[in-house]
Amino acid sequence: EMNNIVVDNIVMDNVHHYPIYITLGNRNRGPLATTHTGTIKNIYISNVRILNADTLSGIQITGVPNQPVENIELRNITIQYKGGSSKYSAQRVFPELGKGYPEPFLLGVTPAYGLFLRNVKQIRLTNIQLQTIKPDERPIIYANNVFGLQIDGLTAPLAKGVKPVVFHQVNEMSIKNAPVLQLNNVQ
């Protein structure tokens, strides 16, 4: 179980893989009668500056289908990506972690450069600034099976002809102060 974690005031440079990575797997490697899927909840990350993040992904937060990651807050986060991914990366079907080892490079490039959210309940994003060194042809956000998504303040570049977000089964959503995510651009 991972609960009540606070991370504040961090600078990272030349980050490989995913600079913010919160993921829950379902490895259950002990005796079958005593193992169960863990939990991740009540995580607060603030005042983080990330430079030269590689192109795999910036922020990835994932639970498992019947056990979402819960109550996550990201505040005052700035991420500069190397960028350069193509529209083909945006169309990639991103695998579930399942029983696999939770190592980011094993999963590969996410279909969004900024935030990849899957199986999440209650997430708040406040004052998120994303930048790319080279244009990236993926959406800013990919969200699947998310309940309770709140965004207040998000800036990010968007390549020409790219939808800013891809939402599947996203409920109870509030987006403010994020002109790049205007709802008429959402697919």
# chains A, B, ... in the order shown; residues from 1 in each chain; ligands from 1
>>> residues_around(residues="Val64 in chain A", least_positions_apart="2", cutoff="7 Å", atoms="only C-alpha atoms", output="ChimeraX atom specification")
/A:24-25,62,66-68,119
>>> write_last_selection(atoms="N, CA, C and O atoms", output="JSON list (two decimals), in the first residue's frame")
[["chain", "number", "residue", "atom", "x", "y", "z"],
["A", 24, "LEU", "N", 0.12, 1.27, -10.44],
["A", 24, "LEU", "CA", -0.26, 0.12, -9.63],
["A", 24, "LEU", "C", -0.34, -1.08, -10.55],
["A", 24, "LEU", "O", -1.00, -1.03, -11.59],
["A", 25, "GLY", "N", 0.34, -2.16, -10.19],
["A", 25, "GLY", "CA", 0.27, -3.39, -10.98],
["A", 25, "GLY", "C", -0.50, -4.44, -10.21],
["A", 25, "GLY", "O", -1.05, -4.19, -9.13],
["A", 62, "THR", "N", -1.40, 5.39, -13.43],
["A", 62, "THR", "CA", -2.24, 4.27, -13.83],
["A", 62, "THR", "C", -2.53, 3.34, -12.67],
["A", 62, "THR", "O", -1.65, 3.00, -11.89],
["A", 66, "ASN", "N", -9.93, -2.80, -11.98],
["A", 66, "ASN", "CA", -10.85, -2.81, -10.84],
["A", 66, "ASN", "C", -10.27, -2.20, -9.58],
["A", 66, "ASN", "O", -10.87, -2.30, -8.51],
["A", 67, "GLN", "N", -9.09, -1.59, -9.68],
["A", 67, "GLN", "CA", -8.45, -0.97, -8.53],
["A", 67, "GLN", "C", -7.78, 0.32, -9.00],
["A", 67, "GLN", "O", -6.59, 0.33, -9.31],
["A", 68, "PRO", "N", -8.54, 1.43, -9.04],
["A", 68, "PRO", "CA", -7.95, 2.68, -9.50],
["A", 68, "PRO", "C", -6.98, 3.27, -8.49],
["A", 68, "PRO", "O", -7.07, 3.00, -7.29],
["A", 119, "ASN", "N", -7.37, 4.37, -15.28],
["A", 119, "ASN", "CA", -7.86, 3.76, -14.04],
["A", 119, "ASN", "C", -7.49, 4.64, -12.84],
["A", 119, "ASN", "O", -6.75, 4.23, -11.95]]
>>> closest_residue(among="A:Pro19, A:Leu117, A:Leu125, A:Gly58", to="Tyr44 in chain A", atoms="only C-alpha atoms")
A:Leu125
>>> residues_around(residues="Ser174 in chain A", least_positions_apart="6", cutoff="10 Å", atoms="only C-alpha atoms", output="JSON list (two decimals) with all heavy atoms, in the first residue's frame")
[["chain", "number", "residue", "atom", "x", "y", "z"],
["A", 124, "ARG", "N", -6.50, 15.91, -9.33],
["A", 124, "ARG", "CA", -6.53, 17.36, -9.46],
["A", 124, "ARG", "C", -5.19, 17.83, -10.00],
["A", 124, "ARG", "O", -4.13, 17.50, -9.45],
["A", 124, "ARG", "CB", -6.78, 18.01, -8.09],
["A", 124, "ARG", "CG", -8.19, 17.78, -7.59],
["A", 124, "ARG", "CD", -8.39, 18.17, -6.13],
["A", 124, "ARG", "NE", -7.45, 17.57, -5.19],
["A", 124, "ARG", "CZ", -7.45, 16.28, -4.82],
["A", 124, "ARG", "NH1", -8.33, 15.45, -5.32],
["A", 124, "ARG", "NH2", -6.58, 15.82, -3.95],
["A", 148, "GLY", "N", -13.56, 11.84, -11.95],
["A", 148, "GLY", "CA", -13.17, 12.98, -11.12],
["A", 148, "GLY", "C", -11.88, 13.62, -11.57],
["A", 148, "GLY", "O", -10.89, 13.61, -10.84],
["A", 149, "LEU", "N", -11.87, 14.18, -12.77],
["A", 149, "LEU", "CA", -10.69, 14.87, -13.31],
["A", 149, "LEU", "C", -10.90, 16.37, -13.20],
["A", 149, "LEU", "O", -11.85, 16.90, -13.77],
["A", 149, "LEU", "CB", -10.46, 14.47, -14.77],
["A", 149, "LEU", "CG", -9.41, 15.26, -15.57],
["A", 149, "LEU", "CD1", -8.03, 15.09, -14.95],
["A", 149, "LEU", "CD2", -9.41, 14.82, -17.02],
["A", 150, "GLN", "N", -10.04, 17.05, -12.45],
["A", 150, "GLN", "CA", -10.11, 18.50, -12.29],
["A", 150, "GLN", "C", -8.81, 19.12, -12.78],
["A", 150, "GLN", "O", -7.74, 18.77, -12.30],
["A", 150, "GLN", "CB", -10.31, 18.89, -10.83],
["A", 150, "GLN", "CG", -11.61, 18.40, -10.24],
["A", 150, "GLN", "CD", -11.68, 18.74, -8.77],
["A", 150, "GLN", "OE1", -11.04, 19.66, -8.28],
["A", 150, "GLN", "NE2", -12.46, 17.97, -8.03],
["A", 151, "ILE", "N", -8.94, 20.04, -13.74],
["A", 151, "ILE", "CA", -7.77, 20.76, -14.26],
["A", 151, "ILE", "C", -8.04, 22.25, -14.06],
["A", 151, "ILE", "O", -9.05, 22.76, -14.51],
["A", 151, "ILE", "CB", -7.54, 20.47, -15.75],
["A", 151, "ILE", "CG1", -7.26, 18.98, -15.96],
["A", 151, "ILE", "CG2", -6.39, 21.32, -16.29],
["A", 151, "ILE", "CD1", -7.18, 18.56, -17.41],
["A", 152, "ASP", "N", -7.13, 22.93, -13.39],
["A", 152, "ASP", "CA", -7.22, 24.38, -13.22],
["A", 152, "ASP", "C", -5.85, 24.98, -13.52],
["A", 152, "ASP", "O", -4.95, 24.99, -12.69],
["A", 152, "ASP", "CB", -7.64, 24.74, -11.79],
["A", 152, "ASP", "CG", -7.90, 26.23, -11.63],
["A", 152, "ASP", "OD1", -7.70, 27.00, -12.60],
["A", 152, "ASP", "OD2", -8.30, 26.63, -10.52]]
>>> closest_residue(among="A:Thr78, A:Asn171, A:Thr155, A:Gln60", to="Met12 in chain A", atoms="only C-alpha atoms")
A:Thr78
>>> residues_around(residues="Ile140 in chain A", least_positions_apart="4", cutoff="10 Å", atoms="only C-alpha atoms", output="compact mmCIF listing (two decimals) with all heavy atoms, in the first residue's frame")
# COMPACT_ATOMS: atom_id res chain seq x y z
N GLY A 58 5.61 12.11 -19.97
CA GLY A 58 5.95 13.02 -18.88
C GLY A 58 5.37 12.53 -17.57
O GLY A 58 6.08 12.13 -16.67
N ALA A 90 0.98 8.46 -31.26
CA ALA A 90 -0.32 8.84 -30.69
C ALA A 90 -1.36 7.76 -30.93
O ALA A 90 -2.31 7.63 -30.15
CB ALA A 90 -0.79 10.16 -31.31
N PRO A 111 0.64 7.31 -25.70
CA PRO A 111 -0.04 8.00 -26.80
C PRO A 111 -0.32 9.48 -26.55
O PRO A 111 -1.02 10.12 -27.32
CB PRO A 111 -1.33 7.21 -26.97
CG PRO A 111 -1.55 6.53 -25.68
CD PRO A 111 -0.21 6.33 -25.06
N ALA A 112 0.24 10.05 -25.48
CA ALA A 112 0.17 11.48 -25.20
C ALA A 112 1.50 11.90 -24.60
O ALA A 112 2.10 11.15 -23.85
CB ALA A 112 -0.96 11.80 -24.22
N TYR A 113 1.95 13.11 -24.92
CA TYR A 113 3.26 13.50 -24.41
C TYR A 113 3.21 14.07 -23.00
O TYR A 113 4.18 13.99 -22.27
CB TYR A 113 3.96 14.47 -25.37
CG TYR A 113 3.48 15.91 -25.35
CD1 TYR A 113 3.96 16.81 -24.42
CD2 TYR A 113 2.55 16.36 -26.29
CE1 TYR A 113 3.51 18.12 -24.42
CE2 TYR A 113 2.12 17.67 -26.30
CZ TYR A 113 2.60 18.55 -25.35
OH TYR A 113 2.17 19.85 -25.34
N GLY A 114 2.09 14.64 -22.59
CA GLY A 114 2.03 15.33 -21.30
C GLY A 114 1.57 14.46 -20.15
O GLY A 114 2.29 14.24 -19.20
N LEU A 115 0.33 13.98 -20.26
CA LEU A 115 -0.25 13.18 -19.18
C LEU A 115 -0.92 11.94 -19.75
O LEU A 115 -1.72 12.04 -20.68
CB LEU A 115 -1.31 13.99 -18.42
CG LEU A 115 -0.80 15.21 -17.70
CD1 LEU A 115 -1.43 16.45 -18.29
CD2 LEU A 115 -1.13 15.11 -16.25
N PHE A 116 -0.60 10.80 -19.18
CA PHE A 116 -1.29 9.56 -19.51
C PHE A 116 -1.95 9.09 -18.23
O PHE A 116 -1.28 8.79 -17.24
CB PHE A 116 -0.31 8.51 -20.04
CG PHE A 116 -1.00 7.22 -20.39
CD1 PHE A 116 -1.56 7.05 -21.65
CD2 PHE A 116 -1.11 6.20 -19.47
CE1 PHE A 116 -2.22 5.87 -21.98
CE2 PHE A 116 -1.75 5.01 -19.79
CZ PHE A 116 -2.31 4.85 -21.04
N LEU A 130 3.58 22.66 -19.63
CA LEU A 130 4.31 21.69 -20.45
C LEU A 130 4.95 22.42 -21.61
O LEU A 130 4.36 23.33 -22.18
CB LEU A 130 3.34 20.62 -20.96
CG LEU A 130 2.47 19.94 -19.89
CD1 LEU A 130 1.48 18.99 -20.54
CD2 LEU A 130 3.33 19.23 -18.86
N ASP A 136 5.79 17.89 -30.98
CA ASP A 136 5.38 16.52 -30.73
C ASP A 136 3.97 16.34 -31.28
O ASP A 136 3.10 17.15 -30.99
CB ASP A 136 5.41 16.23 -29.22
CG ASP A 136 5.44 14.75 -28.92
OD1 ASP A 136 4.51 14.03 -29.34
OD2 ASP A 136 6.39 14.31 -28.26
N THR A 155 -0.97 24.94 -19.47
CA THR A 155 -0.46 25.47 -20.73
C THR A 155 0.42 24.41 -21.37
O THR A 155 1.15 23.69 -20.68
CB THR A 155 0.35 26.77 -20.54
OG1 THR A 155 1.46 26.51 -19.67
CG2 THR A 155 -0.51 27.88 -19.95
N ALA A 156 0.32 24.31 -22.70
CA ALA A 156 1.09 23.30 -23.42
C ALA A 156 1.05 23.61 -24.90
O ALA A 156 0.05 24.12 -25.40
CB ALA A 156 0.51 21.92 -23.16
N PRO A 157 2.12 23.30 -25.64
CA PRO A 157 2.08 23.47 -27.09
C PRO A 157 1.28 22.33 -27.71
O PRO A 157 1.19 21.24 -27.16
CB PRO A 157 3.55 23.40 -27.49
CG PRO A 157 4.19 22.56 -26.44
CD PRO A 157 3.43 22.85 -25.16
N LEU A 158 0.72 22.63 -28.88
CA LEU A 158 -0.05 21.63 -29.60
C LEU A 158 0.35 21.69 -31.06
O LEU A 158 0.25 22.74 -31.69
CB LEU A 158 -1.55 21.92 -29.43
CG LEU A 158 -2.50 20.89 -29.99
CD1 LEU A 158 -2.34 19.55 -29.28
CD2 LEU A 158 -3.94 21.38 -29.85
N ALA A 159 0.81 20.56 -31.58
CA ALA A 159 1.20 20.51 -33.00
C ALA A 159 -0.03 20.70 -33.89
O ALA A 159 -1.14 20.33 -33.51
CB ALA A 159 1.88 19.17 -33.31
N VAL A 162 -3.40 18.30 -34.45
CA VAL A 162 -3.47 17.30 -33.37
C VAL A 162 -4.56 17.72 -32.38
O VAL A 162 -4.62 18.88 -31.97
CB VAL A 162 -2.11 17.17 -32.64
CG1 VAL A 162 -2.21 16.24 -31.45
CG2 VAL A 162 -1.04 16.70 -33.61
N LYS A 163 -5.41 16.78 -32.01
CA LYS A 163 -6.40 17.04 -30.95
C LYS A 163 -5.66 17.13 -29.63
O LYS A 163 -4.73 16.36 -29.37
CB LYS A 163 -7.42 15.91 -30.88
CG LYS A 163 -8.28 15.78 -32.11
CD LYS A 163 -9.36 16.80 -32.10
CE LYS A 163 -10.33 16.57 -33.25
NZ LYS A 163 -11.34 17.60 -33.30
N PRO A 164 -6.05 18.06 -28.75
CA PRO A 164 -5.31 18.23 -27.50
C PRO A 164 -5.46 17.09 -26.50
O PRO A 164 -4.55 16.82 -25.73
CB PRO A 164 -5.87 19.53 -26.92
CG PRO A 164 -7.21 19.68 -27.54
CD PRO A 164 -7.12 19.03 -28.90
N VAL A 165 -6.61 16.41 -26.53
CA VAL A 165 -6.84 15.33 -25.57
C VAL A 165 -7.57 14.17 -26.24
O VAL A 165 -8.28 14.35 -27.23
CB VAL A 165 -7.66 15.79 -24.34
CG1 VAL A 165 -6.94 16.88 -23.57
CG2 VAL A 165 -9.05 16.24 -24.74
N VAL A 166 -7.40 13.00 -25.66
CA VAL A 166 -8.21 11.84 -26.01
C VAL A 166 -8.80 11.35 -24.70
O VAL A 166 -8.07 11.01 -23.76
CB VAL A 166 -7.35 10.73 -26.66
CG1 VAL A 166 -8.19 9.48 -26.90
CG2 VAL A 166 -6.74 11.23 -27.96
N VAL A 180 -5.89 25.74 -24.27
CA VAL A 180 -5.45 24.74 -25.24
C VAL A 180 -6.34 23.48 -25.20
O VAL A 180 -6.40 22.72 -26.15
CB VAL A 180 -3.96 24.38 -25.03
CG1 VAL A 180 -3.77 23.54 -23.77
CG2 VAL A 180 -3.40 23.66 -26.25
N LEU A 181 -7.08 23.31 -24.10
CA LEU A 181 -7.95 22.12 -23.96
C LEU A 181 -9.41 22.44 -24.22
O LEU A 181 -10.29 21.77 -23.71
CB LEU A 181 -7.82 21.54 -22.55
CG LEU A 181 -6.44 21.11 -22.09
CD1 LEU A 181 -6.50 20.51 -20.71
CD2 LEU A 181 -5.81 20.13 -23.08
>>> atom_distance(atom1="CA of Ile175 in chain A", atom2="CA of Asn71 in chain A")
17.1 Å
>>> closest_residue(among="A:Gln182, A:Gln169, A:Asn47, A:Asn76", to="Lys121 in chain A", atoms="only C-alpha atoms")
A:Gln169
>>> residues_around(residues="Asn14 in chain A", least_positions_apart="3", cutoff="8 Å", atoms="only C-alpha atoms", output="list in words")
Leu51, Asn52, Ala53 and Asp54 of chain A
>>> write_last_selection(atoms="all heavy atoms", output="mmCIF file, in the first residue's frame")
data_model
loop_
_atom_site.group_PDB
_atom_site.id
_atom_site.type_symbol
_atom_site.label_atom_id
_atom_site.label_comp_id
_atom_site.auth_asym_id
_atom_site.auth_seq_id
_atom_site.Cartn_x
_atom_site.Cartn_y
_atom_site.Cartn_z
ATOM 1 N N LEU A 51 13.474 19.280 -16.601
ATOM 2 C CA LEU A 51 14.102 19.748 -17.834
ATOM 3 C C LEU A 51 14.580 18.551 -18.654
ATOM 4 O O LEU A 51 15.052 17.561 -18.095
ATOM 5 C CB LEU A 51 15.288 20.656 -17.513
ATOM 6 C CG LEU A 51 14.974 21.876 -16.649
ATOM 7 C CD1 LEU A 51 16.254 22.548 -16.193
ATOM 8 C CD2 LEU A 51 14.088 22.838 -17.412
ATOM 9 N N ASN A 52 14.480 18.664 -19.982
ATOM 10 C CA ASN A 52 15.019 17.658 -20.898
ATOM 11 C C ASN A 52 14.479 16.251 -20.639
ATOM 12 O O ASN A 52 15.221 15.277 -20.630
ATOM 13 C CB ASN A 52 16.553 17.632 -20.848
ATOM 14 C CG ASN A 52 17.145 18.944 -21.279
ATOM 15 O OD1 ASN A 52 16.796 19.465 -22.327
ATOM 16 N ND2 ASN A 52 18.024 19.491 -20.461
ATOM 17 N N ALA A 53 13.175 16.143 -20.447
ATOM 18 C CA ALA A 53 12.570 14.824 -20.287
ATOM 19 C C ALA A 53 12.511 14.152 -21.649
ATOM 20 O O ALA A 53 12.213 14.792 -22.649
ATOM 21 C CB ALA A 53 11.168 14.954 -19.701
ATOM 22 N N ASP A 54 12.785 12.847 -21.684
ATOM 23 C CA ASP A 54 12.763 12.171 -22.982
ATOM 24 C C ASP A 54 11.337 12.016 -23.489
ATOM 25 O O ASP A 54 10.381 12.434 -22.854
ATOM 26 C CB ASP A 54 13.550 10.856 -22.954
ATOM 27 C CG ASP A 54 12.859 9.731 -22.205
ATOM 28 O OD1 ASP A 54 11.644 9.803 -21.963
ATOM 29 O OD2 ASP A 54 13.551 8.753 -21.872
#
>>> residues_around(residues="Met2 in chain A", least_positions_apart="5", cutoff="9 Å", atoms="only C-alpha atoms", output="count of residues only")
6
>>> closest_residue(among="A:Thr110, A:Gln80, A:Thr23, A:Thr126", to="Ile45 in chain A", atoms="only C-alpha atoms")
A:Thr126
